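**Q** Structure supplied as my_file12.cif; contents: mmCIF, C-alpha atoms and all ligand atoms.
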data_protein
#
loop_
_atom_site.group_PDB
_atom_site.id
_atom_site.type_symbol
_atom_site.label_atom_id
_atom_site.label_comp_id
_atom_site.auth_asym_id
_atom_site.auth_seq_id
_atom_site.Cartn_x
_atom_site.Cartn_y
_atom_site.Cartn_z
ATOM 1 C CA MET A 1 11.512 -19.911 -17.231
ATOM 2 C CA THR A 2 11.378 -16.676 -19.233
ATOM 3 C CA GLN A 3 14.211 -14.130 -19.108
ATOM 4 C CA PRO A 4 14.290 -11.638 -16.179
ATOM 5 C CA ASP A 5 12.921 -8.178 -17.066
ATOM 6 C CA GLN A 6 15.072 -5.299 -15.741
ATOM 7 C CA ARG A 7 12.862 -2.395 -16.819
ATOM 8 C CA ARG A 8 12.096 0.016 -13.949
ATOM 9 C CA ILE A 9 8.504 0.375 -12.810
ATOM 10 C CA ARG A 10 6.602 3.503 -13.906
ATOM 11 C CA LYS A 11 3.044 2.549 -13.095
ATOM 12 C CA ALA A 12 1.416 1.767 -9.762
ATOM 13 C CA VAL A 13 -1.974 0.235 -9.012
ATOM 14 C CA PHE A 14 -3.953 1.151 -5.893
ATOM 15 C CA PRO A 15 -6.935 -1.112 -5.221
ATOM 16 C CA VAL A 16 -9.324 1.178 -3.336
ATOM 17 C CA ALA A 17 -12.704 -0.387 -3.977
ATOM 18 C CA GLY A 18 -13.149 -2.041 -0.557
ATOM 19 C CA LEU A 19 -16.053 -1.069 1.665
ATOM 20 C CA GLY A 20 -14.068 -0.465 4.853
ATOM 21 C CA THR A 21 -16.826 -1.857 7.060
ATOM 22 C CA ARG A 22 -14.456 -2.105 10.067
ATOM 23 C CA PHE A 23 -14.438 1.660 10.258
ATOM 24 C CA LEU A 24 -18.183 2.242 10.140
ATOM 25 C CA PRO A 25 -19.785 4.670 10.777
ATOM 26 C CA ALA A 26 -16.820 6.851 9.606
ATOM 27 C CA THR A 27 -16.655 4.950 6.322
ATOM 28 C CA LYS A 28 -20.331 5.524 5.634
ATOM 29 C CA THR A 29 -19.270 8.600 3.665
ATOM 30 C CA VAL A 30 -15.455 8.612 3.851
ATOM 31 C CA PRO A 31 -13.624 5.776 2.087
ATOM 32 C CA LYS A 32 -11.159 4.064 4.431
ATOM 33 C CA GLU A 33 -8.239 5.150 2.238
ATOM 34 C CA MET A 34 -9.166 8.737 3.077
ATOM 35 C CA LEU A 35 -8.811 8.234 6.848
ATOM 36 C CA PRO A 36 -5.950 10.427 8.023
ATOM 37 C CA VAL A 37 -2.778 9.715 9.922
ATOM 38 C CA ILE A 38 -1.939 13.194 11.318
ATOM 39 C CA ASP A 39 -2.728 15.351 8.264
ATOM 40 C CA LYS A 40 -2.500 13.054 5.253
ATOM 41 C CA PRO A 41 -5.010 10.423 4.157
ATOM 42 C CA LEU A 42 -3.702 6.860 3.957
ATOM 43 C CA ILE A 43 -3.866 6.927 0.157
ATOM 44 C CA GLN A 44 -1.454 9.871 0.064
ATOM 45 C CA TYR A 45 1.222 7.922 1.966
ATOM 46 C CA ALA A 46 0.974 5.108 -0.586
ATOM 47 C CA VAL A 47 1.004 7.549 -3.512
ATOM 48 C CA ASP A 48 4.078 9.350 -2.154
ATOM 49 C CA GLU A 49 5.829 6.002 -1.767
ATOM 50 C CA ALA A 50 5.052 5.060 -5.385
ATOM 51 C CA ILE A 51 6.259 8.413 -6.727
ATOM 52 C CA GLU A 52 9.470 8.120 -4.725
ATOM 53 C CA ALA A 53 9.992 4.682 -6.313
ATOM 54 C CA GLY A 54 9.826 6.264 -9.793
ATOM 55 C CA CYS A 55 6.146 5.899 -10.741
ATOM 56 C CA ASP A 56 4.488 8.622 -12.800
ATOM 57 C CA THR A 57 1.205 6.882 -13.593
ATOM 58 C CA LEU A 58 -1.089 6.043 -10.700
ATOM 59 C CA ILE A 59 -4.025 3.769 -11.362
ATOM 60 C CA PHE A 60 -6.811 3.755 -8.797
ATOM 61 C CA ILE A 61 -9.202 0.841 -8.911
ATOM 62 C CA THR A 62 -12.357 2.245 -7.375
ATOM 63 C CA ASN A 63 -16.034 1.443 -7.143
ATOM 64 C CA ARG A 64 -18.787 3.814 -8.133
ATOM 65 C CA TYR A 65 -19.191 5.154 -4.580
ATOM 66 C CA LYS A 66 -15.638 6.329 -4.193
ATOM 67 C CA HIS A 67 -15.834 9.847 -5.612
ATOM 68 C CA ALA A 68 -13.883 11.106 -2.607
ATOM 69 C CA VAL A 69 -10.628 9.544 -3.847
ATOM 70 C CA ALA A 70 -11.036 11.050 -7.342
ATOM 71 C CA ASP A 71 -12.051 14.422 -5.874
ATOM 72 C CA TYR A 72 -9.016 14.393 -3.619
ATOM 73 C CA PHE A 73 -6.609 13.993 -6.550
ATOM 74 C CA ASP A 74 -8.453 16.509 -8.718
ATOM 75 C CA LYS A 75 -7.260 20.105 -8.941
ATOM 76 C CA ALA A 76 -8.976 22.297 -6.305
ATOM 77 C CA TYR A 77 -9.119 25.628 -8.211
ATOM 78 C CA GLU A 78 -11.160 27.584 -5.669
ATOM 79 C CA LEU A 79 -9.133 26.448 -2.686
ATOM 80 C CA GLU A 80 -5.856 27.143 -4.491
ATOM 81 C CA GLN A 81 -7.038 30.636 -5.442
ATOM 82 C CA LYS A 82 -8.089 31.408 -1.871
ATOM 83 C CA LEU A 83 -4.785 30.225 -0.430
ATOM 84 C CA GLU A 84 -2.853 32.162 -3.062
ATOM 85 C CA ARG A 85 -4.765 35.381 -2.356
ATOM 86 C CA ALA A 86 -4.260 34.942 1.378
ATOM 87 C CA GLY A 87 -0.516 34.459 0.829
ATOM 88 C CA LYS A 88 -0.639 30.984 2.402
ATOM 89 C CA HIS A 89 2.149 29.571 0.267
ATOM 90 C CA GLU A 90 3.050 26.661 2.517
ATOM 91 C CA GLN A 91 -0.521 25.349 2.512
ATOM 92 C CA LEU A 92 -0.800 25.987 -1.218
ATOM 93 C CA ALA A 93 2.242 23.796 -1.837
ATOM 94 C CA LEU A 94 0.708 21.040 0.306
ATOM 95 C CA VAL A 95 -2.492 21.104 -1.740
ATOM 96 C CA ARG A 96 -0.632 21.181 -5.071
ATOM 97 C CA ASN A 97 1.748 18.387 -4.113
ATOM 98 C CA VAL A 98 -1.067 15.908 -3.621
ATOM 99 C CA LEU A 99 -0.300 15.032 -7.227
ATOM 100 C CA PRO A 100 3.028 16.570 -8.289
ATOM 101 C CA GLU A 101 3.557 17.839 -11.818
ATOM 102 C CA GLY A 102 4.354 15.129 -14.304
ATOM 103 C CA VAL A 103 2.359 12.507 -12.399
ATOM 104 C CA ARG A 104 -1.011 11.436 -13.754
ATOM 105 C CA ALA A 105 -3.899 9.688 -12.066
ATOM 106 C CA VAL A 106 -6.112 7.191 -13.875
ATOM 107 C CA PHE A 107 -9.355 5.875 -12.392
ATOM 108 C CA VAL A 108 -10.748 2.498 -13.303
ATOM 109 C CA THR A 109 -14.058 1.276 -11.932
ATOM 110 C CA GLN A 110 -14.243 -2.257 -10.617
ATOM 111 C CA THR A 111 -17.897 -2.985 -11.197
ATOM 112 C CA GLU A 112 -18.058 -6.070 -8.978
ATOM 113 C CA ALA A 113 -16.131 -6.777 -5.763
ATOM 114 C CA LEU A 114 -14.572 -10.052 -6.924
ATOM 115 C CA GLY A 115 -11.294 -9.848 -4.982
ATOM 116 C CA LEU A 116 -7.786 -8.363 -5.072
ATOM 117 C CA GLY A 117 -6.733 -10.412 -8.105
ATOM 118 C CA HIS A 118 -9.719 -9.121 -10.038
ATOM 119 C CA ALA A 119 -8.984 -5.530 -8.955
ATOM 120 C CA VAL A 120 -5.421 -5.816 -10.304
ATOM 121 C CA LEU A 121 -6.717 -7.335 -13.541
ATOM 122 C CA CYS A 122 -8.854 -4.208 -14.026
ATOM 123 C CA ALA A 123 -5.574 -2.260 -14.570
ATOM 124 C CA LYS A 124 -4.477 -4.470 -17.488
ATOM 125 C CA GLU A 125 -5.247 -2.033 -20.338
ATOM 126 C CA VAL A 126 -3.570 0.900 -18.594
ATOM 127 C CA ILE A 127 -0.439 -1.060 -17.674
ATOM 128 C CA GLY A 128 0.135 -2.832 -20.988
ATOM 129 C CA ASP A 129 3.290 -4.921 -21.265
ATOM 130 C CA GLU A 130 5.643 -3.689 -18.542
ATOM 131 C CA PRO A 131 6.432 -4.473 -14.903
ATOM 132 C CA PHE A 132 4.326 -2.505 -12.432
ATOM 133 C CA ALA A 133 3.664 -1.984 -8.725
ATOM 134 C CA VAL A 134 0.639 -2.745 -6.575
ATOM 135 C CA LEU A 135 0.257 -0.928 -3.263
ATOM 136 C CA LEU A 136 -2.422 -1.697 -0.688
ATOM 137 C CA PRO A 137 -2.935 1.619 1.139
ATOM 138 C CA ASP A 138 -4.114 -0.153 4.340
ATOM 139 C CA ASP A 139 -0.523 -1.235 4.845
ATOM 140 C CA LEU A 140 1.269 1.922 5.893
ATOM 141 C CA ILE A 141 5.041 1.479 6.002
ATOM 142 C CA TRP A 142 7.043 3.919 8.077
ATOM 143 C CA ASN A 143 10.751 4.273 7.455
ATOM 144 C CA ARG A 144 13.208 7.096 8.002
ATOM 145 C CA GLY A 145 15.202 6.167 4.889
ATOM 146 C CA PRO A 146 13.882 5.174 1.453
ATOM 147 C CA GLY A 147 10.326 3.881 1.333
ATOM 148 C CA ALA A 148 9.607 0.170 1.015
ATOM 149 C CA LEU A 149 8.610 0.336 -2.665
ATOM 150 C CA LYS A 150 11.769 2.270 -3.608
ATOM 151 C CA GLN A 151 13.863 -0.385 -1.862
ATOM 152 C CA MET A 152 12.012 -3.109 -3.758
ATOM 153 C CA ALA A 153 12.131 -1.272 -7.099
ATOM 154 C CA ASP A 154 15.919 -0.963 -6.858
ATOM 155 C CA ALA A 155 16.262 -4.649 -6.016
ATOM 156 C CA ALA A 156 13.828 -5.715 -8.766
ATOM 157 C CA ALA A 157 15.552 -3.563 -11.406
ATOM 158 C CA ALA A 158 18.816 -5.313 -10.559
ATOM 159 C CA SER A 159 17.399 -8.858 -10.481
ATOM 160 C CA GLY A 160 14.740 -8.530 -13.173
ATOM 161 C CA CYS A 161 12.383 -10.596 -11.009
ATOM 162 C CA SER A 162 8.945 -9.847 -9.584
ATOM 163 C CA SER A 163 9.170 -8.902 -5.923
ATOM 164 C CA ILE A 164 6.795 -9.120 -2.969
ATOM 165 C CA ALA A 165 7.236 -7.408 0.392
ATOM 166 C CA VAL A 166 7.262 -9.769 3.366
ATOM 167 C CA GLN A 167 7.591 -9.672 7.126
ATOM 168 C CA ASP A 168 7.553 -12.239 9.900
ATOM 169 C CA VAL A 169 4.257 -12.601 11.722
ATOM 170 C CA PRO A 170 3.416 -14.638 14.845
ATOM 171 C CA PRO A 171 2.577 -18.231 13.775
ATOM 172 C CA GLU A 172 -1.036 -17.878 14.985
ATOM 173 C CA LYS A 173 -1.592 -14.994 12.525
ATOM 174 C CA THR A 174 -0.923 -16.837 9.256
ATOM 175 C CA ALA A 175 -4.648 -17.044 8.402
ATOM 176 C CA SER A 176 -4.738 -13.256 7.917
ATOM 177 C CA TYR A 177 -2.063 -13.149 5.199
ATOM 178 C CA GLY A 178 -0.561 -14.577 2.070
ATOM 179 C CA ILE A 179 2.289 -16.777 3.335
ATOM 180 C CA VAL A 180 5.436 -17.660 1.369
ATOM 181 C CA ALA A 181 8.078 -20.371 1.424
ATOM 182 C CA THR A 182 11.467 -19.225 0.101
ATOM 183 C CA GLY A 183 15.045 -20.255 -0.548
ATOM 184 C CA ASP A 184 17.822 -18.632 1.523
ATOM 185 C CA PHE A 185 17.847 -14.866 1.879
ATOM 186 C CA ALA A 186 20.716 -12.684 0.651
ATOM 187 C CA ASN A 187 20.548 -8.864 0.500
ATOM 188 C CA ARG A 188 17.029 -8.993 1.952
ATOM 189 C CA GLN A 189 15.773 -11.209 -0.915
ATOM 190 C CA GLY A 190 14.809 -14.858 -1.048
ATOM 191 C CA ARG A 191 13.380 -16.675 -4.096
ATOM 192 C CA ILE A 192 9.761 -17.687 -3.488
ATOM 193 C CA THR A 193 9.062 -21.371 -3.962
ATOM 194 C CA ARG A 194 5.457 -21.396 -2.706
ATOM 195 C CA ILE A 195 2.772 -18.897 -1.810
ATOM 196 C CA VAL A 196 -0.576 -19.640 -0.162
ATOM 197 C CA GLU A 197 -3.437 -17.292 0.701
ATOM 198 C CA LYS A 198 -4.450 -17.236 4.362
ATOM 199 C CA PRO A 199 -3.417 -20.749 5.437
ATOM 200 C CA SER A 200 -4.219 -22.021 8.927
ATOM 201 C CA PRO A 201 -1.172 -22.125 11.239
ATOM 202 C CA GLU A 202 -1.084 -25.944 10.831
ATOM 203 C CA SER A 203 -0.837 -25.803 7.039
ATOM 204 C CA ALA A 204 1.267 -22.620 6.647
ATOM 205 C CA PRO A 205 4.610 -23.205 4.889
ATOM 206 C CA SER A 206 6.295 -20.584 7.153
ATOM 207 C CA ASN A 207 5.351 -17.475 9.112
ATOM 208 C CA LEU A 208 6.692 -15.095 6.461
ATOM 209 C CA ALA A 209 3.714 -12.968 5.459
ATOM 210 C CA VAL A 210 2.977 -10.896 2.377
ATOM 211 C CA VAL A 211 2.641 -7.166 3.051
ATOM 212 C CA GLY A 212 0.762 -4.993 0.539
ATOM 213 C CA ARG A 213 3.618 -4.029 -1.803
ATOM 214 C CA TYR A 214 4.180 -5.957 -5.021
ATOM 215 C CA ILE A 215 6.284 -5.473 -8.142
ATOM 216 C CA LEU A 216 4.820 -7.734 -10.778
ATOM 217 C CA SER A 217 5.589 -8.880 -14.265
ATOM 218 C CA PRO A 218 2.798 -8.151 -16.812
ATOM 219 C CA ARG A 219 2.568 -11.923 -17.297
ATOM 220 C CA ILE A 220 0.349 -11.855 -14.189
ATOM 221 C CA PHE A 221 -2.571 -10.473 -16.264
ATOM 222 C CA GLY A 222 -2.787 -13.500 -18.542
ATOM 223 C CA ILE A 223 -2.730 -15.717 -15.475
ATOM 224 C CA LEU A 224 -5.348 -13.653 -13.617
ATOM 225 C CA GLU A 225 -7.707 -13.986 -16.572
ATOM 226 C CA SER A 226 -7.966 -17.694 -15.920
ATOM 227 C CA THR A 227 -7.704 -17.630 -12.114
ATOM 228 C CA THR A 228 -10.799 -18.999 -10.441
ATOM 229 C CA PRO A 229 -12.098 -17.891 -7.024
ATOM 230 C CA GLY A 230 -9.981 -19.112 -4.105
ATOM 231 C CA ALA A 231 -9.906 -18.271 -0.378
ATOM 232 C CA GLY A 232 -13.079 -16.450 0.709
ATOM 233 C CA GLY A 233 -14.640 -17.089 -2.716
ATOM 234 C CA GLU A 234 -12.515 -14.250 -4.196
ATOM 235 C CA ILE A 235 -10.153 -14.100 -7.161
ATOM 236 C CA GLN A 236 -6.890 -13.970 -5.247
ATOM 237 C CA LEU A 237 -3.726 -12.244 -6.435
ATOM 238 C CA THR A 238 -1.831 -14.810 -4.343
ATOM 239 C CA ASP A 239 -3.199 -17.707 -6.421
ATOM 240 C CA ALA A 240 -2.084 -16.028 -9.656
ATOM 241 C CA ILE A 241 1.383 -15.407 -8.165
ATOM 242 C CA GLU A 242 1.582 -19.100 -7.229
ATOM 243 C CA ARG A 243 1.110 -19.904 -10.925
ATOM 244 C CA LEU A 244 3.584 -17.182 -11.980
ATOM 245 C CA LEU A 245 6.270 -18.981 -9.915
ATOM 246 C CA GLY A 246 6.199 -21.824 -12.431
ATOM 247 C CA GLU A 247 7.090 -19.466 -15.293
ATOM 248 C CA GLU A 248 9.175 -16.611 -13.880
ATOM 249 C CA CYS A 249 11.332 -15.689 -10.872
ATOM 250 C CA VAL A 250 9.532 -14.051 -7.941
ATOM 251 C CA ASP A 251 11.439 -12.820 -4.885
ATOM 252 C CA ALA A 252 10.287 -12.123 -1.348
ATOM 253 C CA TYR A 253 11.745 -8.842 -0.096
ATOM 254 C CA ARG A 254 12.275 -8.075 3.601
ATOM 255 C CA PHE A 255 11.934 -4.294 3.557
ATOM 256 C CA ARG A 256 13.477 -1.884 6.029
ATOM 257 C CA GLY A 257 10.692 -0.101 7.939
ATOM 258 C CA THR A 258 7.718 -0.733 10.189
ATOM 259 C CA ARG A 259 4.387 -1.715 8.741
ATOM 260 C CA PHE A 260 1.115 -0.692 10.345
ATOM 261 C CA ASP A 261 -2.071 -2.511 9.441
ATOM 262 C CA CYS A 262 -4.337 0.526 9.092
ATOM 263 C CA GLY A 263 -7.210 -1.720 8.079
ATOM 264 C CA THR A 264 -7.660 -2.355 11.823
ATOM 265 C CA HIS A 265 -8.435 0.073 14.638
ATOM 266 C CA ILE A 266 -5.310 -0.719 16.607
ATOM 267 C CA GLY A 267 -3.085 -0.482 13.522
ATOM 268 C CA LEU A 268 -4.414 2.977 12.694
ATOM 269 C CA ILE A 269 -3.870 4.085 16.295
ATOM 270 C CA GLU A 270 -0.337 2.647 16.279
ATOM 271 C CA ALA A 271 0.480 4.456 13.033
ATOM 272 C CA THR A 272 -0.853 7.740 14.384
ATOM 273 C CA ILE A 273 1.251 7.387 17.535
ATOM 274 C CA ARG A 274 4.373 6.549 15.535
ATOM 275 C CA TYR A 275 3.998 9.444 13.107
ATOM 276 C CA ALA A 276 3.196 11.825 15.970
ATOM 277 C CA LEU A 277 6.227 10.733 18.016
ATOM 278 C CA ASP A 278 8.431 11.113 14.930
ATOM 279 C CA HIS A 279 6.936 14.456 13.852
ATOM 280 C CA GLU A 280 9.244 17.460 13.934
ATOM 281 C CA LYS A 281 6.637 19.775 15.468
ATOM 282 C CA LEU A 282 4.407 17.364 17.381
ATOM 283 C CA SER A 283 6.764 14.836 18.963
ATOM 284 C CA ASP A 284 7.355 16.510 22.346
ATOM 285 C CA ALA A 285 3.722 17.423 22.874
ATOM 286 C CA ALA A 286 2.603 13.965 21.734
ATOM 287 C CA ALA A 287 4.995 12.175 24.115
ATOM 288 C CA GLN A 288 3.894 14.326 27.063
ATOM 289 C CA MET A 289 0.250 13.892 26.223
ATOM 290 C CA MET A 290 0.641 10.112 26.066
ATOM 291 C CA GLN A 291 2.410 9.977 29.439
ATOM 292 C CA SER A 292 -0.269 12.086 31.115
ATOM 293 C CA ALA A 293 -3.102 10.133 29.499
ATOM 294 C CA LEU A 294 -1.599 6.921 30.905
ATOM 295 C CA ARG A 295 -1.260 8.543 34.342
ATOM 296 C CA GLU A 296 -4.793 9.930 34.383
ATOM 297 C CA LEU A 297 -6.276 6.621 33.367
ATOM 298 C CA GLY A 298 -4.183 4.769 35.944
ATOM 299 C CA VAL A 299 -2.506 2.652 33.259
ATOM 300 C CA GLU A 300 0.899 1.509 34.456
ATOM 301 C CA GLU A 301 3.435 4.064 33.351
ATOM 302 C CA ILE A 302 6.160 3.271 30.866
ATOM 303 C CA SER A 303 9.507 3.759 32.602
HETATM 304 C C1 LIG B 1 -4.326 -9.028 1.116
HETATM 305 C C2 LIG B 1 -3.651 -10.204 0.396
HETATM 306 C C3 LIG B 1 -2.771 -10.983 1.365
HETATM 307 C C4 LIG B 1 -1.769 -10.042 2.037
HETATM 308 C C5 LIG B 1 -2.492 -8.848 2.681
HETATM 309 C C6 LIG B 1 -1.480 -7.835 3.180
HETATM 310 O O1 LIG B 1 -5.228 -9.562 2.052
HETATM 311 O O2 LIG B 1 -4.645 -11.027 -0.178
HETATM 312 O O3 LIG B 1 -2.096 -12.001 0.685
HETATM 313 O O4 LIG B 1 -1.008 -10.750 2.988
HETATM 314 O O5 LIG B 1 -3.367 -8.198 1.750
HETATM 315 O O6 LIG B 1 -2.117 -6.764 3.837
HETATM 316 P P1 LIG B 1 -6.384 -8.674 2.766
HETATM 317 O O7 LIG B 1 -5.716 -8.009 3.940
HETATM 318 O O8 LIG B 1 -6.865 -7.698 1.760
HETATM 319 O O9 LIG B 1 -7.419 -9.650 3.194
#
Write the structure described by the file as structure tokens, please.
**A**
Amino acid sequence: MTQPDQRRIRKAVFPVAGLGTRFLPATKTVPKEMLPVIDKPLIQYAVDEAIEAGCDTLIFITNRYKHAVADYFDKAYELEQKLERAGKHEQLALVRNVLPEGVRAVFVTQTEALGLGHAVLCAKEVIGDEPFAVLLPDDLIWNRGPGALKQMADAAAASGCSSIAVQDVPPEKTASYGIVATGDFANRQGRITRIVEKPSPESAPSNLAVVGRYILSPRIFGILESTTPGAGGEIQLTDAIERLLGEECVDAYRFRGTRFDCGTHIGLIEATIRYALDHEKLSDAAAQMMQSALRELGVEEIS
């Protein structure tokens, strides 16, 4: 085992090259990461979480069709000028804060859709030799306190180990996730002893599932370079992590917060409801609207 690495993360990788076919026809022209929850696209929630955790370099792994993500993070001179002239300072700040000062965005094209492991490998040159984060924007994590990645970054800086967000899932759902086996948990962390990509419920080592937040040692790149296609014929990040376990410590981290799977219709709806009900200006109207929608449709009312 190599020595733990207690450097704090500064760089975050966002794999955003997926096709988002579940959300067709919307995703015919709008990448799924640009779908909004209230007034922010999914990618912005993930970016804000990474910045809060201390990252100042954001690496987007895109495909050649995803100009929308790059355009979104680019400076919008005309819009900013218009808002400034109209004295709309609040809106101007919103537009400018998409990418706060001191934070830079780097775009790397993944030329072939070979899987999540391959997407992460595309960030190798930009990351270099330091621990880094990976955030899957489909997994939106709501929390009133510190974001999930900040919680993990603090824990990883103390332990010096790689860290992977996990949550319990119903046993019949294991085939949709990476599943881990761990030692005992203390302070929300348990050392991972095994990790398997999308096992059937019969072969799953537990029902503790990987959620899309990772803090990884740069050693993962060397491993990814020789990782062959696994589940679904794709180069899996999970398979590379399984090999990393043999060389370095990797912890599972049970984050505080609620995760919404915004890669599915119901998850995106759930997230929208949660953020609306927790919104300082919208919560009352949203709650009333939901009650009356249930009444009008004859759905049994929530008491
Ligand atoms: C990916 C990972 C999987 C993880 C999941 C979390 O799968 O491969 O291990 O549990 O993200 O959202 P995907 O959902 O992209 O198929």
**Q** Between A:Thr193, A:Gln44, A:Ser163, A:Thr238, which is the closest to Gly117 (chain A) once you count all atoms listed in the file?
**A** A:Thr238
**Q** So the first atom is CA of Val95 (chain A) and the second is CA of Glu80 (chain A); what is the distance between them in Å, to one decimal place?
**A**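 Computing it gives 7.4 Å between the two atoms.
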**Q** Could the residues of chain A that have an atom at most 9 Å from ligand LIG 1 (chain B) be listed as CSV, each with its closest atom pair and the distance in Å to one decimal, counting all atoms listed in the file and ordered by chain and ascending residue number?
**A**
residue,atom,partner,partner_atom,distance
A:Gly18,CA,B:LIG1,O8,8.8
A:Gly115,CA,B:LIG1,O2,8.3
A:Leu116,CA,B:LIG1,O2,6.4
A:Gly117,CA,B:LIG1,O2,8.2
A:Leu136,CA,B:LIG1,O6,6.8
A:Pro137,CA,B:LIG1,O6,8.8
A:Asp138,CA,B:LIG1,O6,6.9
A:Asp139,CA,B:LIG1,O6,5.8
A:Val166,CA,B:LIG1,O4,8.3
A:Thr174,CA,B:LIG1,O4,8.7
A:Ser176,CA,B:LIG1,O9,6.5
A:Tyr177,CA,B:LIG1,O4,3.4
A:Gly178,CA,B:LIG1,O3,3.3
A:Ile179,CA,B:LIG1,O4,6.9
A:Ile195,CA,B:LIG1,O3,8.8
A:Val196,CA,B:LIG1,O3,7.8
A:Glu197,CA,B:LIG1,O3,5.5
A:Lys198,CA,B:LIG1,O3,6.8
A:Ala209,CA,B:LIG1,O4,5.8
A:Val210,CA,B:LIG1,O4,4.0
A:Val211,CA,B:LIG1,C6,4.2
A:Gly212,CA,B:LIG1,C6,4.5
A:Arg213,CA,B:LIG1,C6,8.1
A:Ala231,CA,B:LIG1,O2,9.0
A:Gln236,CA,B:LIG1,O2,6.3
A:Leu237,CA,B:LIG1,O2,6.4
A:Thr238,CA,B:LIG1,O3,5.8
A:Asp261,CA,B:LIG1,O6,7.0
A:Gly263,CA,B:LIG1,O7,7.7
**Q** Based on the selection just made, write C-alpha atoms of those residues as a PDB file, keeping the file's coordinate frame.
**A**
ATOM      1  CA  GLY A  18     -13.149  -2.041  -0.557  1.00  0.00           C
ATOM      2  CA  GLY A 115     -11.294  -9.848  -4.982  1.00  0.00           C
ATOM      3  CA  LEU A 116      -7.786  -8.363  -5.072  1.00  0.00           C
ATOM      4  CA  GLY A 117      -6.733 -10.412  -8.105  1.00  0.00           C
ATOM      5  CA  LEU A 136      -2.422  -1.697  -0.688  1.00  0.00           C
ATOM      6  CA  PRO A 137      -2.935   1.619   1.139  1.00  0.00           C
ATOM      7  CA  ASP A 138      -4.114  -0.153   4.340  1.00  0.00           C
ATOM      8  CA  ASP A 139      -0.523  -1.235   4.845  1.00  0.00           C
ATOM      9  CA  VAL A 166       7.262  -9.769   3.366  1.00  0.00           C
ATOM     10  CA  THR A 174      -0.923 -16.837   9.256  1.00  0.00           C
ATOM     11  CA  SER A 176      -4.738 -13.256   7.917  1.00  0.00           C
ATOM     12  CA  TYR A 177      -2.063 -13.149   5.199  1.00  0.00           C
ATOM     13  CA  GLY A 178      -0.561 -14.577   2.070  1.00  0.00           C
ATOM     14  CA  ILE A 179       2.289 -16.777   3.335  1.00  0.00           C
ATOM     15  CA  ILE A 195       2.772 -18.897  -1.810  1.00  0.00           C
ATOM     16  CA  VAL A 196      -0.576 -19.640  -0.162  1.00  0.00           C
ATOM     17  CA  GLU A 197      -3.437 -17.292   0.701  1.00  0.00           C
ATOM     18  CA  LYS A 198      -4.450 -17.236   4.362  1.00  0.00           C
ATOM     19  CA  ALA A 209       3.714 -12.968   5.459  1.00  0.00           C
ATOM     20  CA  VAL A 210       2.977 -10.896   2.377  1.00  0.00           C
ATOM     21  CA  VAL A 211       2.641  -7.166   3.051  1.00  0.00           C
ATOM     22  CA  GLY A 212       0.762  -4.993   0.539  1.00  0.00           C
ATOM     23  CA  ARG A 213       3.618  -4.029  -1.803  1.00  0.00           C
ATOM     24  CA  ALA A 231      -9.906 -18.271  -0.378  1.00  0.00           C
ATOM     25  CA  GLN A 236      -6.890 -13.970  -5.247  1.00  0.00           C
ATOM     26  CA  LEU A 237      -3.726 -12.244  -6.435  1.00  0.00           C
ATOM     27  CA  THR A 238      -1.831 -14.810  -4.343  1.00  0.00           C
ATOM     28  CA  ASP A 261      -2.071  -2.511   9.441  1.00  0.00           C
ATOM     29  CA  GLY A 263      -7.210  -1.720   8.079  1.00  0.00           C
TER      30      GLY A 263
END
**Q** Near region 5-15 of chain A, within 8 Å and counting all atoms listed in the file, which residues show up once chain neighbours fewer than 4 positions away are dropped, as a ChimeraX atom specification?
**A** /A:50,53-62,116,119-120,123,127,130-137,153,156-161,215,217
**Q** Looking at only C-alpha atoms, which of A:Ala240, A:Ala175, A:Leu297, A:Val169 is the one that sits closest to Asn207 (chain A)?
**A**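 Ranking A:Ala240, A:Ala175, A:Leu297, A:Val169 by distance to Asn207 (chain A), first place goes to A:Val169.
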**Q** May I have the centre and edge lengths, in Å to one decimal, of an axis-aligned box around the listed atoms of region 111-119 of chain A with 4 Å added to every side, as lines of an AutoDock Vina configuration file?
**A**
center_x = -12.4
center_y = -6.7
center_z = -8.1
size_x = 19.3
size_y = 15.4
size_z = 14.2
**Q** Between CA of His279 (chain A) and CA of His265 (chain A), what is the distance in Å, rounded to a tenth?
**A**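 Here the two named atoms are 21.1 Å from each other.
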**Q** Measure the distance from CA of Ala155 (chain A) to CA of Glu225 (chain A) in Å and round it to one decimal.
**A**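 Atom-to-atom, CA of Ala155 (chain A) to CA of Glu225 (chain A), that is 27.8 Å.
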**Q** Restricting the calculation to all atoms listed in the file, which member of A:Pro4, A:Gly257, A:Gly298, A:Pro199 is positioned closest to Gly145 (chain A)?
**A**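 Checking each candidate against Gly145 (chain A), we get A:Gly257 as the closest.
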**Q** In the coordinates of the file, take the point (-16.9, -2.6, -9.8) and a cut-off of 8 Å; then, counting only C-alpha atoms, name each qualifying protein, DNA or RNA residue as an MDAnalysis selection string.
**A** chainID A and resid 17 62:64 109:113
**Q** Excluding Val69 (chain A) and its own-chain neighbours fewer than 5 positions away, which residues fall within 10 Å of it when counting only C-alpha atoms? Please give them as a PyMOL selection string.
**A** chain A and resi 16+30-34+41+43-44+60+62+74+107
**Q** Write out, as an mmCIF file, keeping the file's coordinate frame, the residues just selected, with C-alpha atoms.
**A**
data_model
loop_
_atom_site.group_PDB
_atom_site.id
_atom_site.type_symbol
_atom_site.label_atom_id
_atom_site.label_comp_id
_atom_site.auth_asym_id
_atom_site.auth_seq_id
_atom_site.Cartn_x
_atom_site.Cartn_y
_atom_site.Cartn_z
ATOM 1 C CA VAL A 16 -9.324 1.178 -3.336
ATOM 2 C CA VAL A 30 -15.455 8.612 3.851
ATOM 3 C CA PRO A 31 -13.624 5.776 2.087
ATOM 4 C CA LYS A 32 -11.159 4.064 4.431
ATOM 5 C CA GLU A 33 -8.239 5.150 2.238
ATOM 6 C CA MET A 34 -9.166 8.737 3.077
ATOM 7 C CA PRO A 41 -5.010 10.423 4.157
ATOM 8 C CA ILE A 43 -3.866 6.927 0.157
ATOM 9 C CA GLN A 44 -1.454 9.871 0.064
ATOM 10 C CA PHE A 60 -6.811 3.755 -8.797
ATOM 11 C CA THR A 62 -12.357 2.245 -7.375
ATOM 12 C CA ASP A 74 -8.453 16.509 -8.718
ATOM 13 C CA PHE A 107 -9.355 5.875 -12.392
#
